[in-house]
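Enquirer: So that you have it, the file is upload-v5.cif, and it contains mmCIF, N, CA and C atoms:
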data_data
#
loop_
_atom_site.label_atom_id
_atom_site.label_comp_id
_atom_site.auth_asym_id
_atom_site.auth_seq_id
_atom_site.Cartn_x
_atom_site.Cartn_y
_atom_site.Cartn_z
N MET A 1 22.73 -21.13 9.07
CA MET A 1 22.34 -20.44 7.85
C MET A 1 20.88 -19.99 7.99
N ALA A 2 20.67 -18.70 7.88
CA ALA A 2 19.33 -18.12 8.00
C ALA A 2 18.62 -18.17 6.65
N ILE A 3 17.34 -18.47 6.72
CA ILE A 3 16.52 -18.48 5.51
C ILE A 3 15.79 -17.15 5.42
N GLU A 4 15.90 -16.50 4.29
CA GLU A 4 15.23 -15.21 4.10
C GLU A 4 13.86 -15.44 3.48
N LEU A 5 12.84 -14.95 4.15
CA LEU A 5 11.47 -15.07 3.66
C LEU A 5 10.97 -13.71 3.22
N LYS A 6 10.14 -13.70 2.19
CA LYS A 6 9.52 -12.45 1.77
C LYS A 6 8.02 -12.66 1.71
N PRO A 7 7.23 -11.59 1.82
CA PRO A 7 5.78 -11.74 1.81
C PRO A 7 5.30 -12.38 0.50
N TYR A 8 4.29 -13.21 0.62
CA TYR A 8 3.70 -13.88 -0.53
C TYR A 8 2.85 -12.89 -1.33
N ASN A 9 3.07 -12.84 -2.61
CA ASN A 9 2.27 -12.00 -3.51
C ASN A 9 1.84 -12.88 -4.68
N PRO A 10 0.55 -13.30 -4.70
CA PRO A 10 0.10 -14.22 -5.75
C PRO A 10 0.23 -13.66 -7.16
N ILE A 11 0.24 -12.34 -7.30
CA ILE A 11 0.34 -11.72 -8.63
C ILE A 11 1.63 -12.14 -9.32
N GLU A 12 2.67 -12.38 -8.55
CA GLU A 12 3.96 -12.77 -9.13
C GLU A 12 3.89 -14.09 -9.90
N PHE A 13 2.86 -14.89 -9.63
CA PHE A 13 2.74 -16.20 -10.26
C PHE A 13 1.72 -16.22 -11.41
N PHE A 14 1.08 -15.09 -11.66
CA PHE A 14 0.13 -15.03 -12.76
C PHE A 14 0.89 -14.77 -14.06
N HIS A 15 0.38 -15.31 -15.14
CA HIS A 15 1.09 -15.24 -16.42
C HIS A 15 0.56 -14.18 -17.37
N ASN A 16 -0.64 -13.66 -17.11
CA ASN A 16 -1.19 -12.66 -18.02
C ASN A 16 -2.25 -11.83 -17.29
N GLU A 17 -2.70 -10.79 -17.97
CA GLU A 17 -3.70 -9.87 -17.39
C GLU A 17 -5.02 -10.57 -17.09
N GLU A 18 -5.39 -11.57 -17.89
CA GLU A 18 -6.64 -12.29 -17.67
C GLU A 18 -6.65 -12.99 -16.31
N GLU A 19 -5.51 -13.54 -15.92
CA GLU A 19 -5.42 -14.20 -14.62
C GLU A 19 -5.53 -13.17 -13.48
N ILE A 20 -4.95 -12.01 -13.68
CA ILE A 20 -5.05 -10.95 -12.67
C ILE A 20 -6.49 -10.46 -12.56
N VAL A 21 -7.16 -10.29 -13.68
CA VAL A 21 -8.56 -9.85 -13.69
C VAL A 21 -9.44 -10.89 -13.00
N SER A 22 -9.20 -12.16 -13.30
CA SER A 22 -9.96 -13.23 -12.65
C SER A 22 -9.75 -13.22 -11.14
N TYR A 23 -8.51 -13.04 -10.72
CA TYR A 23 -8.18 -12.95 -9.29
C TYR A 23 -8.93 -11.80 -8.63
N LEU A 24 -8.94 -10.66 -9.29
CA LEU A 24 -9.61 -9.49 -8.74
C LEU A 24 -11.12 -9.68 -8.69
N ASN A 25 -11.70 -10.30 -9.71
CA ASN A 25 -13.13 -10.58 -9.72
C ASN A 25 -13.52 -11.55 -8.61
N GLU A 26 -12.70 -12.57 -8.39
CA GLU A 26 -12.98 -13.52 -7.31
C GLU A 26 -12.90 -12.81 -5.95
N ALA A 27 -11.93 -11.95 -5.80
CA ALA A 27 -11.78 -11.20 -4.54
C ALA A 27 -12.99 -10.28 -4.33
N TYR A 28 -13.46 -9.64 -5.39
CA TYR A 28 -14.61 -8.74 -5.29
C TYR A 28 -15.88 -9.51 -4.92
N ALA A 29 -15.99 -10.75 -5.39
CA ALA A 29 -17.18 -11.56 -5.12
C ALA A 29 -17.24 -12.07 -3.68
N ASP A 30 -16.13 -12.02 -2.97
CA ASP A 30 -16.09 -12.50 -1.59
C ASP A 30 -16.95 -11.61 -0.70
N ASP A 31 -17.59 -12.21 0.28
CA ASP A 31 -18.43 -11.45 1.20
C ASP A 31 -17.64 -10.49 2.09
N ASP A 32 -16.38 -10.77 2.28
CA ASP A 32 -15.51 -9.95 3.11
C ASP A 32 -14.83 -8.90 2.22
N SER A 33 -15.18 -7.63 2.39
CA SER A 33 -14.64 -6.57 1.53
C SER A 33 -13.13 -6.42 1.66
N SER A 34 -12.56 -6.86 2.77
CA SER A 34 -11.13 -6.73 2.95
C SER A 34 -10.36 -7.62 1.97
N VAL A 35 -10.98 -8.69 1.49
CA VAL A 35 -10.34 -9.57 0.51
C VAL A 35 -10.05 -8.80 -0.77
N PHE A 36 -11.00 -7.98 -1.20
CA PHE A 36 -10.82 -7.16 -2.41
C PHE A 36 -9.71 -6.14 -2.20
N LEU A 37 -9.68 -5.50 -1.04
CA LEU A 37 -8.65 -4.50 -0.76
C LEU A 37 -7.26 -5.12 -0.73
N VAL A 38 -7.14 -6.30 -0.15
CA VAL A 38 -5.85 -6.98 -0.12
C VAL A 38 -5.42 -7.36 -1.54
N ALA A 39 -6.37 -7.82 -2.36
CA ALA A 39 -6.06 -8.15 -3.75
C ALA A 39 -5.57 -6.91 -4.50
N LEU A 40 -6.24 -5.78 -4.30
CA LEU A 40 -5.77 -4.53 -4.90
C LEU A 40 -4.36 -4.21 -4.41
N GLY A 41 -4.10 -4.48 -3.15
CA GLY A 41 -2.78 -4.24 -2.58
C GLY A 41 -1.71 -5.09 -3.26
N HIS A 42 -2.04 -6.35 -3.55
CA HIS A 42 -1.09 -7.21 -4.25
C HIS A 42 -0.76 -6.63 -5.63
N ILE A 43 -1.77 -6.17 -6.32
CA ILE A 43 -1.55 -5.58 -7.64
C ILE A 43 -0.73 -4.30 -7.51
N ALA A 44 -1.07 -3.47 -6.54
CA ALA A 44 -0.36 -2.21 -6.33
C ALA A 44 1.12 -2.44 -6.04
N LYS A 45 1.42 -3.44 -5.21
CA LYS A 45 2.82 -3.73 -4.89
C LYS A 45 3.59 -4.17 -6.13
N THR A 46 2.93 -4.92 -6.98
CA THR A 46 3.58 -5.38 -8.21
C THR A 46 3.86 -4.21 -9.15
N LYS A 47 2.93 -3.27 -9.20
CA LYS A 47 3.08 -2.11 -10.10
C LYS A 47 4.01 -1.05 -9.50
N GLY A 48 4.16 -1.08 -8.17
CA GLY A 48 5.04 -0.11 -7.50
C GLY A 48 4.26 0.90 -6.69
N MET A 49 4.39 0.82 -5.39
CA MET A 49 3.65 1.71 -4.49
C MET A 49 4.09 3.16 -4.63
N ALA A 50 5.36 3.39 -4.83
CA ALA A 50 5.85 4.77 -4.96
C ALA A 50 5.24 5.42 -6.19
N ASN A 51 5.19 4.69 -7.28
CA ASN A 51 4.60 5.21 -8.52
C ASN A 51 3.10 5.45 -8.33
N LEU A 52 2.42 4.52 -7.67
CA LEU A 52 0.98 4.68 -7.43
C LEU A 52 0.72 5.88 -6.53
N ALA A 53 1.57 6.09 -5.55
CA ALA A 53 1.43 7.25 -4.66
C ALA A 53 1.52 8.54 -5.47
N LYS A 54 2.45 8.59 -6.39
CA LYS A 54 2.62 9.78 -7.22
C LYS A 54 1.38 10.01 -8.11
N ILE A 55 0.86 8.94 -8.69
CA ILE A 55 -0.30 9.04 -9.59
C ILE A 55 -1.56 9.46 -8.84
N THR A 56 -1.78 8.86 -7.66
CA THR A 56 -3.03 9.10 -6.92
C THR A 56 -2.99 10.33 -6.03
N GLY A 57 -1.78 10.79 -5.70
CA GLY A 57 -1.67 11.90 -4.77
C GLY A 57 -1.78 11.47 -3.32
N LEU A 58 -1.83 10.18 -3.08
CA LEU A 58 -1.87 9.64 -1.72
C LEU A 58 -0.44 9.27 -1.33
N ASN A 59 -0.11 9.40 -0.05
CA ASN A 59 1.24 9.00 0.34
C ASN A 59 1.31 7.48 0.49
N ARG A 60 2.52 6.96 0.44
CA ARG A 60 2.72 5.51 0.48
C ARG A 60 2.14 4.89 1.74
N GLU A 61 2.31 5.55 2.86
CA GLU A 61 1.80 5.01 4.12
C GLU A 61 0.28 4.85 4.07
N SER A 62 -0.40 5.84 3.48
CA SER A 62 -1.86 5.77 3.35
C SER A 62 -2.26 4.63 2.43
N LEU A 63 -1.50 4.42 1.36
CA LEU A 63 -1.79 3.32 0.45
C LEU A 63 -1.66 1.97 1.16
N TYR A 64 -0.55 1.80 1.86
CA TYR A 64 -0.35 0.54 2.57
C TYR A 64 -1.47 0.30 3.59
N LYS A 65 -1.86 1.34 4.29
CA LYS A 65 -2.92 1.22 5.29
C LYS A 65 -4.25 0.88 4.63
N ALA A 66 -4.59 1.59 3.55
CA ALA A 66 -5.87 1.37 2.86
C ALA A 66 -5.96 -0.02 2.26
N LEU A 67 -4.82 -0.57 1.83
CA LEU A 67 -4.82 -1.86 1.14
C LEU A 67 -4.39 -3.02 2.03
N SER A 68 -4.35 -2.79 3.32
CA SER A 68 -3.93 -3.84 4.26
C SER A 68 -5.04 -4.84 4.55
N GLY A 69 -6.28 -4.42 4.34
CA GLY A 69 -7.41 -5.27 4.71
C GLY A 69 -7.81 -5.10 6.16
N GLU A 70 -7.09 -4.26 6.89
CA GLU A 70 -7.36 -4.05 8.31
C GLU A 70 -8.16 -2.78 8.58
N THR A 71 -8.36 -1.97 7.54
CA THR A 71 -9.14 -0.74 7.68
C THR A 71 -10.22 -0.73 6.61
N GLN A 72 -11.12 0.20 6.74
CA GLN A 72 -12.17 0.38 5.73
C GLN A 72 -11.99 1.77 5.12
N PRO A 73 -11.21 1.84 4.04
CA PRO A 73 -10.96 3.14 3.42
C PRO A 73 -12.22 3.71 2.80
N ARG A 74 -12.23 5.01 2.61
CA ARG A 74 -13.36 5.67 1.95
C ARG A 74 -13.41 5.22 0.50
N TRP A 75 -14.61 5.23 -0.07
CA TRP A 75 -14.79 4.79 -1.45
C TRP A 75 -13.98 5.65 -2.42
N ASP A 76 -13.88 6.95 -2.17
CA ASP A 76 -13.11 7.79 -3.10
C ASP A 76 -11.63 7.41 -3.09
N THR A 77 -11.13 6.92 -1.97
CA THR A 77 -9.74 6.45 -1.92
C THR A 77 -9.58 5.20 -2.77
N VAL A 78 -10.51 4.27 -2.64
CA VAL A 78 -10.47 3.04 -3.44
C VAL A 78 -10.57 3.38 -4.93
N GLN A 79 -11.43 4.32 -5.28
CA GLN A 79 -11.57 4.74 -6.68
C GLN A 79 -10.26 5.32 -7.21
N ARG A 80 -9.62 6.17 -6.43
CA ARG A 80 -8.35 6.77 -6.86
C ARG A 80 -7.29 5.70 -7.08
N ILE A 81 -7.27 4.71 -6.21
CA ILE A 81 -6.31 3.62 -6.34
C ILE A 81 -6.60 2.82 -7.61
N MET A 82 -7.86 2.48 -7.82
CA MET A 82 -8.23 1.70 -9.01
C MET A 82 -7.91 2.48 -10.29
N LYS A 83 -8.21 3.76 -10.31
CA LYS A 83 -7.88 4.57 -11.49
C LYS A 83 -6.38 4.63 -11.70
N GLY A 84 -5.63 4.75 -10.61
CA GLY A 84 -4.17 4.78 -10.70
C GLY A 84 -3.59 3.48 -11.24
N LEU A 85 -4.29 2.37 -10.95
CA LEU A 85 -3.85 1.06 -11.44
C LEU A 85 -4.47 0.73 -12.80
N LYS A 86 -5.29 1.65 -13.32
CA LYS A 86 -5.98 1.47 -14.60
C LYS A 86 -6.92 0.25 -14.55
N ILE A 87 -7.64 0.15 -13.42
CA ILE A 87 -8.62 -0.91 -13.24
C ILE A 87 -10.00 -0.27 -13.31
N ASN A 88 -10.83 -0.81 -14.18
CA ASN A 88 -12.20 -0.32 -14.34
C ASN A 88 -13.16 -1.32 -13.73
N LEU A 89 -14.14 -0.81 -13.02
CA LEU A 89 -15.18 -1.63 -12.43
C LEU A 89 -16.42 -1.46 -13.28
N LYS A 90 -17.06 -2.59 -13.65
CA LYS A 90 -18.26 -2.52 -14.48
C LYS A 90 -19.40 -3.25 -13.80
N ALA A 91 -20.58 -2.65 -13.85
CA ALA A 91 -21.78 -3.31 -13.32
C ALA A 91 -22.43 -4.09 -14.45
N VAL A 92 -22.80 -5.33 -14.16
CA VAL A 92 -23.43 -6.19 -15.15
C VAL A 92 -24.69 -6.77 -14.53
N ALA A 93 -25.79 -6.67 -15.27
CA ALA A 93 -27.06 -7.23 -14.77
C ALA A 93 -27.17 -8.69 -15.17
#
Go ahead and render the structure in this file as structure tokens.

Expert:
Amino acid sequence: MAIELKPYNPIEFFHNEEEIVSYLNEAYADDDSSVFLVALGHIAKTKGMANLAKITGLNRESLYKALSGETQPRWDTVQRIMKGLKINLKAVA
């Protein structure tokens, strides 16, 4: 009997938007920028990559690549993704 495994997505275990926001803030605070991109990727997968591709005008392959944590996407790409996910970034002093 084969066991079927699927990729781990922590967003599936969060109960509300506050937990997702906290997760994203913790990822942003990490010194490794790829942690934030992977966190955005988890959120994007939960919301639907095909839908996000349509909203942002980026193709799905580009989204997966940008949010893999293995590349350094341009800032305008990250902004388009965040806007597509309705995520706002705020600077606080």

Enquirer: On this file, the PyMOL selection byres (((chain A and resi 50 and name CA) around 12) and name CA) gives some set of residues; write that set as a ChimeraX atom specification.

Expert: /A:44-49,51-64,84

Enquirer: Separation of CA of Thr77 in chain A and atom N of Ser33 in chain A, in Å?

Expert: 15.7 Å

Enquirer: Which distance in Å separates atom C of Leu40 in chain A and atom N of Met82 in chain A, to one decimal?

Expert: 8.3 Å

Enquirer: Of the candidates A:His42, A:Asp32, A:Gln79, A:Gly69, which shows the shortest atom-to-atom distance to Tyr8 in chain A, using only N, CA and C atoms?

Expert: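 Closest candidate: A:His42.
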
Enquirer: Would you work out the distance separating atom C of His15 in chain A from atom N of Ile43 in chain A, expressed in Å to one decimal?

Expert: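 If I compute the distance from atom C of His15 in chain A to atom N of Ile43 in chain A, I get 13.8 Å.
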
Enquirer: Running DSSP on the backbone, which parts of range 1-50 of chain A land in alpha helix (DSSP H), as number ranges by chain?

Expert: A: 17-29, 33-47, 49-50

Enquirer: In terms of the shortest atom-to-atom distance over only C-alpha atoms, which of A:Leu85, A:Val92, A:Ala2, A:Ala66 is closest to Val38 in chain A?

Expert: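 Checking each candidate against Val38 in chain A, we get A:Ala66 as the closest.
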
Enquirer: Using only C-alpha atoms, can you tell me which of A:Leu89, A:Asp76, A:Lys6, A:Lys65 comes closest to Tyr28 in chain A?

Expert: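 Distance minimum relative to Tyr28 in chain A lands on A:Leu89.
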
Enquirer: In terms of the shortest atom-to-atom distance over all atoms listed in the file, which of A:Lys86, A:Glu4, A:Gly41, A:Asp30 is closest to Ser68 in chain A?

Expert: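 Closest to Ser68 in chain A, using all atoms listed in the file: A:Gly41.
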
Enquirer: Hey, which of A:Leu24, A:Glu19, A:Lys90, A:Phe13 ends up closest to Leu37 in chain A? Count only C-alpha atoms.

Expert: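 Of A:Leu24, A:Glu19, A:Lys90, A:Phe13, the one nearest Leu37 in chain A, counting only C-alpha atoms, is A:Leu24.
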